[in-house]
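Before any comments, here is the structure.
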Amino acid sequence: MRQLLRLALFACLVCIGPTRGAAAADDDSPATAKEVISAAEQEGKITVYSTTDSALVQPLLKDFAALHPKIPVEYTDMNSTELYNRVISEAGAGAVAADVLWSSAMDLQVRLANDGYAATYASPELSHLPKWASWRNEAFATTFEPIVFVYNKRLVKAEEAPQSHADLRKALETNPDRWKGKITSYDPERSGIGFLLITQDSKFDPEFAQTERAYGKASVKLYTSVGAMLERIGSGEHLLGFNIFGSYALARQKKDPSLAIVYPKDYTLVMSRIALVPKAAKHQNGAKVFLDYLLSKRGQRLMAKGMLFSIRDDVEGEATAAALTKQLGGTLKPLPVGPALLDSLDQTKRLEFLKHWQQALGTK
Amino acid sequence: MASDSRRRAAVVLVAAAAVLAPLVIIVYQSFLDGPFFQPSSKLSLSAYRFVLADSDFRRAFATTAIIAAGMTLIAVPLGAVLAFVVVRTDLPGRRWLEPALLVPIFLSPVVIAFGYVVAIGPVGFLTLPVRRLIGRDPWNLYSLASVTAIAGLTHIPHVYLYASSTLRSIGADLEEAARVAGAGAGRIALTISLPLIAPALVYSGVLVFFLGFELFGLPLILGDPEGLLVLSTYLYKLTNRLGVPSYQLMAVVAVVIMLIAFPLVALQRRLLGVANRYVSVRGKASRSSPLRIGAWRWGALALVVAWLAATVVTPLAGVALRSVVTTWGEGVRLAEVLTLDHFAELLDYPNLVRGIGNTVLIGVAGGALSVACYAAIALATHRWNSPWARAMDYLAMVPRGMPGLVAGLAFFWVFLFVKPIAPLRATPVSLWLAYTVVWLAYGMRLISSALLQIAPELEEAAYSVGATRGRVTREITLPLVRFGLLGSWLLVFLIFVREYSTGVYLLAPGSEVIGSLIVSLWGTGAVDTVSALALVNVVLVGVGLAVALRLGVRVHE
């Protein structure tokens, strides 16, 4: 039965996707200026470097192709370090191939903008985005992804599952045997995202020093990839993971019913995929068209459907900023796009934080 | 003869350029304080100071050395014995066993490691029943000892390939003589066959040791939970240490790894001594019947099967199981979660389908082309007593010392900054060149091991009746080493198909390969797709291997 339902749902998605987009073209399509579009069509193919799995954005790319058949998109997905490496290397050689950079490594993206790699563009779609979602009209937040706890509901009862960071700490302190070696998260030493998230925790968690020690006592298992974590929570090797992207967790949950998601009650961090156009991009107009599309209602609606969490205020559904705000309100802590993100890249501060972290966890 | 020397030198020079370009970039980069292409970077030793003072580096170095030594000690003796048993004795079923022996090579270590997690990880399907039986955790998959043992067992085929292809190429007349004089199989193996193939064993031992230093997939997945750090995963950590990628630090680690490589090559050459001592294909060679080892054959078979069960069946069963379930582990009834969706999903994504096609292409066509290059280099330096030849010998080992990820990045730079070849960057040519250079040592050793076995008198006979060098190469040398060439192609095919780290920076849309797709999908959490893709990979290569072996058999008859 469930299989059938899933099939039906899939069929619906397939049918709705393109047709609905086309029907709604008038209101929801990007408000890109006509002359930019025609210039973009002259320029031809654009290249997008992205950290978002191409499988997840397939519907988005198909819809873009339907909307702008004369602007083909070459989409390459890679991890955030590779993306940064490629871009600065290409800029160094004076041969920038990318027209749009779309990455979840917020700090590296802002760093690129800060170092003068980004072009300026006042997107007409910005009015529907929160203030913090753009910086100097160079870097733009495109998603609104909550950072969540994920646990295995076969092995952890709902009433046992911690509902906040404080809960988690208490659980680890009062019942260490239950959780020892069973908690997982990103390794801030090996993962840029992991570092960014744990430094945010250190700001919002008033008892962070104590929390750190609790993690250490519970011998938290640290990984570099979200795939490894979700797989091991699903299998029961670990029971609970924290600092996990809600988007990946939701997508995975649709397939693996043993996963349950908790939006931490005390505060829920919100991360975003940042898009920017390199100053040296060869297809500036095409890049603008694509950027507007990413931010438009039409594009954002498809993102919400793909569990990427729309950032716009006028898109409805499970994976949207609107729904999250209704549910969680003021406990949502989005990371503003801006120079504050550069703090985490400061070498001295970074090494100091990591040293502290190692000591608290007792790994050194 | 002068023009001949010039031709030989030209081949060496081209090869040297391909090898040295990335090397020069890396060494230069290691002495800077920022990316080499940024004007603000200055010459400095700060990167060396940082790395050498880092306690993580020392820890990673020690761990790597232990694993590399451990796996060499496991792989070389077992690989040598395996080759002897399969090639020389009447081991039952050795015909169908042989393709299976090579399977661990063409499984991506990421896949193997992941399969082990599903099978014998803390909640693996083999671990759970054992734990219920004995009441405690039976083993720890994530320990140093486990990783070393798995690395050793999965590298046996590397040794086996070198040893068996050499054993095949040498005549059995010496063994025959020993048998007539009453020696048993064990004594023949220890005193005749294995000493005869000592060059191949030494080479393969050194290579396995290097592979230990470059080990990436296994420690990436199995070392993760316990924080087991080796040099290649330390490289990963370095990337993140300072927030932005620190090329200079990565370059220093790469230089350190290469510095380990050079003394080993020197050692290898000394061990080899006078190559002539090992000549054993004489003008007259005859094929003989296999050694009969009586009841021992069943014992040997049991050991081989046990090894295959541990290194192939167990992880593959894990991957296969994972590919047909939605979830697994503690408290799951597998019958309730079975599905074939993951395979159907593969077809939904054009990049995955393309990736499968590209992988086959780079393995078959790219592999053949690479073997042709390796053979050209090996023949150019064959029996050439010149500093050029010795230089080439060292050069061939250089890329082996570069971790695949770093080599890939260096090639990305080469194609970016060397303007005449820049247009080739986004084509498979760049990928192919990087693969060819990274695996140079591999392919060349196999070919030159075979070349060393050919007695000079065969070639000299041809020269003395007036044949030119080209004709000798075509009609004497090449036909004699055809098994070496075929074996090499096979090896290179398998390696290229499995390779995952080198291509990461060179990938562009349209040139995806399975190995890199698996790594990137693993990162985003699409483990369902990863397991299905891994299984497709195994099946594809299995078919390719069967075809190649059949062809090989025909050539043989």
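Residue numbering restarts at 1 in every chain; chains get A, B, ... in the order shown in the structure tokens, and ligands count up from 1 in that same order.
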With only C-alpha atoms counted and 6 Å as the cut-off, give the residues of chain A in contact with chain B, each with its shortest interatomic distance in Å and the pair that gives it, as JSON lines.
```
{"residue": "A:Thr76", "atom": "CA", "partner": "B:Pro509", "partner_atom": "CA", "distance": 5.9}
{"residue": "A:Gly92", "atom": "CA", "partner": "B:Phe37", "partner_atom": "CA", "distance": 5.4}
{"residue": "A:Ala93", "atom": "CA", "partner": "B:Phe417", "partner_atom": "CA", "distance": 5.8}
{"residue": "A:Arg190", "atom": "CA", "partner": "B:Lys237", "partner_atom": "CA", "distance": 4.4}
{"residue": "A:Gly192", "atom": "CA", "partner": "B:Asn240", "partner_atom": "CA", "distance": 5.9}
{"residue": "A:Lys221", "atom": "CA", "partner": "B:Pro225", "partner_atom": "CA", "distance": 5.2}
{"residue": "A:Tyr223", "atom": "CA", "partner": "B:Asp224", "partner_atom": "CA", "distance": 5.9}
{"residue": "A:Ser225", "atom": "CA", "partner": "B:Gly523", "partner_atom": "CA", "distance": 4.8}
{"residue": "A:Val226", "atom": "CA", "partner": "B:Gly525", "partner_atom": "CA", "distance": 5.7}
{"residue": "A:Gly227", "atom": "CA", "partner": "B:Gly525", "partner_atom": "CA", "distance": 3.2}
{"residue": "A:Ser235", "atom": "CA", "partner": "B:Gly329", "partner_atom": "CA", "distance": 4.0}
{"residue": "A:Gly236", "atom": "CA", "partner": "B:Glu330", "partner_atom": "CA", "distance": 5.4}
{"residue": "A:Glu237", "atom": "CA", "partner": "B:Val123", "partner_atom": "CA", "distance": 5.7}
{"residue": "A:Asp256", "atom": "CA", "partner": "B:Thr326", "partner_atom": "CA", "distance": 5.6}
{"residue": "A:Leu345", "atom": "CA", "partner": "B:Gly243", "partner_atom": "CA", "distance": 4.8}
{"residue": "A:Gln347", "atom": "CA", "partner": "B:Leu242", "partner_atom": "CA", "distance": 5.3}
```
Please provide as number ranges by chain all residues within 12 Å of A:Leu56, with the sequence filter that same-chain residues fewer than 5 positions apart are discarded (counting only C-alpha atoms). A: 50-51, 61-62, 75, 77, 247-248, 251-252, 302-308; B: 348-349, 521, 524-526
Find the residues around A:Pro336 up to 10 Å (only C-alpha atoms counted), leave out those fewer than 6 positions away in its own chain, and share them as a PyMOL selection string. chain A and resi 106+130-135+141+270-272
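With only C-alpha atoms as the basis for measurement, B:Ser448 is the residue among B:Ser323, B:Thr529, B:Ser448, B:Thr314 that approaches B:Ile377 most closely.
Residues with any atom within 10 Å of A:Leu295, counting only C-alpha atoms and excluding same-chain neighbours fewer than 4 positions away, are Ser29, Pro30, Ala31, Ser123, Pro124, Glu125, Leu126, His128, Leu129, Phe140, Ala141, Thr142, Thr143, Ala275, Phe290, Leu291, Gly299, Gln300, Arg301, Met303, Ser310, Ile311 and Arg312 of chain A.
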Put those residues in a file: C-alpha atoms, as a PDB file, in the first residue's frame.
```pdb
ATOM      1  CA  SER A  29       8.398  33.704 -12.995  1.00  0.00           C
ATOM      2  CA  PRO A  30      11.528  35.711 -12.272  1.00  0.00           C
ATOM      3  CA  ALA A  31      11.259  39.476 -12.734  1.00  0.00           C
ATOM      4  CA  SER A 123      18.207  41.265  -8.176  1.00  0.00           C
ATOM      5  CA  PRO A 124      14.544  42.297  -8.568  1.00  0.00           C
ATOM      6  CA  GLU A 125      13.616  39.285  -6.441  1.00  0.00           C
ATOM      7  CA  LEU A 126      15.323  40.598  -3.308  1.00  0.00           C
ATOM      8  CA  HIS A 128      10.754  38.828  -1.026  1.00  0.00           C
ATOM      9  CA  LEU A 129      13.896  37.794   0.820  1.00  0.00           C
ATOM     10  CA  PHE A 140      22.696  35.893  -1.926  1.00  0.00           C
ATOM     11  CA  ALA A 141      21.140  33.331   0.389  1.00  0.00           C
ATOM     12  CA  THR A 142      18.895  31.027  -1.614  1.00  0.00           C
ATOM     13  CA  THR A 143      17.648  28.514   0.976  1.00  0.00           C
ATOM     14  CA  ALA A 275      24.815  32.048  -4.743  1.00  0.00           C
ATOM     15  CA  PHE A 290      19.861  32.074 -13.433  1.00  0.00           C
ATOM     16  CA  LEU A 291      20.325  33.880 -10.129  1.00  0.00           C
ATOM     17  CA  GLY A 299      12.305  28.377  -8.596  1.00  0.00           C
ATOM     18  CA  GLN A 300      11.840  28.471  -4.837  1.00  0.00           C
ATOM     19  CA  ARG A 301       8.652  26.453  -5.052  1.00  0.00           C
ATOM     20  CA  MET A 303      13.294  23.888  -4.191  1.00  0.00           C
ATOM     21  CA  SER A 310      12.578  27.904   0.337  1.00  0.00           C
ATOM     22  CA  ILE A 311      13.770  31.181   1.841  1.00  0.00           C
ATOM     23  CA  ARG A 312      10.974  33.349   0.359  1.00  0.00           C
TER      24      ARG A 312
END
```
Out of A:Ala105, A:Ala280, A:Met78, A:Val337, which residue has the shortest atom-to-atom distance to B:Ile518 when counting only C-alpha atoms? A:Met78
Residue neighbourhood stretch 145-160 of chain B, 9 Å, only C-alpha atoms, exclusion window fewer than 5 positions, as a ChimeraX atom specification: /B:66-84,101-105,109,113,139-140,165,200-201,203-205,207-208,211-212,215,218-219,222-223,307,310-312,491
Kindly save the residues from that selection, with C-alpha atoms included, as a CSV table (one decimal), in the first residue's frame.
```csv
chain,number,residue,atom,x,y,z
B,66,ILE,CA,52.5,0.9,10.8
B,67,ILE,CA,49.7,0.2,8.3
B,68,ALA,CA,52.0,0.3,5.3
B,69,ALA,CA,54.5,-2.1,6.9
B,70,GLY,CA,51.8,-4.4,8.2
B,71,MET,CA,50.0,-4.7,4.9
B,72,THR,CA,53.2,-5.3,3.0
B,73,LEU,CA,54.1,-8.1,5.5
B,74,ILE,CA,50.7,-9.6,4.9
B,75,ALA,CA,50.3,-9.1,1.2
B,76,VAL,CA,53.7,-10.1,-0.2
B,77,PRO,CA,54.2,-13.6,1.2
B,78,LEU,CA,50.6,-14.5,0.7
B,79,GLY,CA,50.5,-13.1,-2.8
B,80,ALA,CA,53.6,-15.0,-3.7
B,81,VAL,CA,52.3,-18.3,-2.4
B,82,LEU,CA,49.0,-17.7,-4.1
B,83,ALA,CA,50.7,-17.1,-7.4
B,84,PHE,CA,52.8,-20.3,-7.0
B,101,LEU,CA,41.4,-13.6,-7.2
B,102,LEU,CA,41.6,-10.2,-8.8
B,103,VAL,CA,38.3,-8.9,-7.6
B,104,PRO,CA,39.6,-7.0,-4.6
B,105,ILE,CA,41.7,-4.7,-6.9
B,109,PRO,CA,38.2,0.8,-1.3
B,113,ALA,CA,35.0,-0.3,3.5
B,139,TRP,CA,35.6,-7.5,17.1
B,140,ASN,CA,36.2,-3.8,16.4
B,165,SER,CA,52.7,-13.0,-14.7
B,200,ALA,CA,58.7,-9.1,-9.2
B,201,LEU,CA,58.2,-9.7,-5.5
B,203,TYR,CA,58.8,-4.5,-6.9
B,204,SER,CA,55.4,-5.4,-5.8
B,205,GLY,CA,56.4,-5.2,-2.2
B,207,LEU,CA,54.5,-0.7,-4.5
B,208,VAL,CA,52.2,-2.2,-1.8
B,211,LEU,CA,50.0,2.1,-1.6
B,212,GLY,CA,49.9,1.9,2.1
B,215,LEU,CA,45.7,4.5,1.4
B,218,LEU,CA,39.7,2.5,3.8
B,219,PRO,CA,40.9,4.9,6.5
B,222,LEU,CA,36.8,2.8,8.7
B,223,GLY,CA,39.1,5.3,10.5
B,307,TRP,CA,40.6,-15.5,1.9
B,310,ALA,CA,36.9,-12.6,3.9
B,311,THR,CA,38.0,-10.0,1.3
B,312,VAL,CA,35.4,-10.4,-1.5
B,491,LEU,CA,45.6,-4.3,-14.5
```
If DSSP is run on the backbone, what residues of stretch 62-158 of chain A are helix (DSSP H, G or I)? A reply as a PyMOL selection string would be ideal. chain A and resi 62-67+80-92+106-114+124-128+131-133
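Atom pair atom CA of A:Tyr84 / atom CA of A:Tyr121 has a distance of 20.8 Å (rounded to one decimal).
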A:Asp313 environment, 10 Å, only C-alpha atoms, sequence neighbours closer than 4 positions dropped, as a PyMOL selection string: chain A and resi 127-130+297+320-323+325
Enumerate, as number ranges by chain, the complete set of residues in stretch 110-325 of chain A that a backbone-based DSSP assignment places in strand (DSSP E or B). A: 118, 134-135, 139-141, 143, 145-152, 183-186, 221-223, 240-245, 259-262, 268-271, 274-276, 278, 310, 320
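With only C-alpha atoms as the basis for measurement, A:Ile147 is the residue among A:Ile183, A:Val315, A:Val262, A:Ile147 that approaches A:Gly246 most closely.
For the set B:Ser289, B:Ala426, B:Val536, B:Val492, the residue with the smallest atom-to-atom gap to B:Leu347 is B:Val536, counting only C-alpha atoms.
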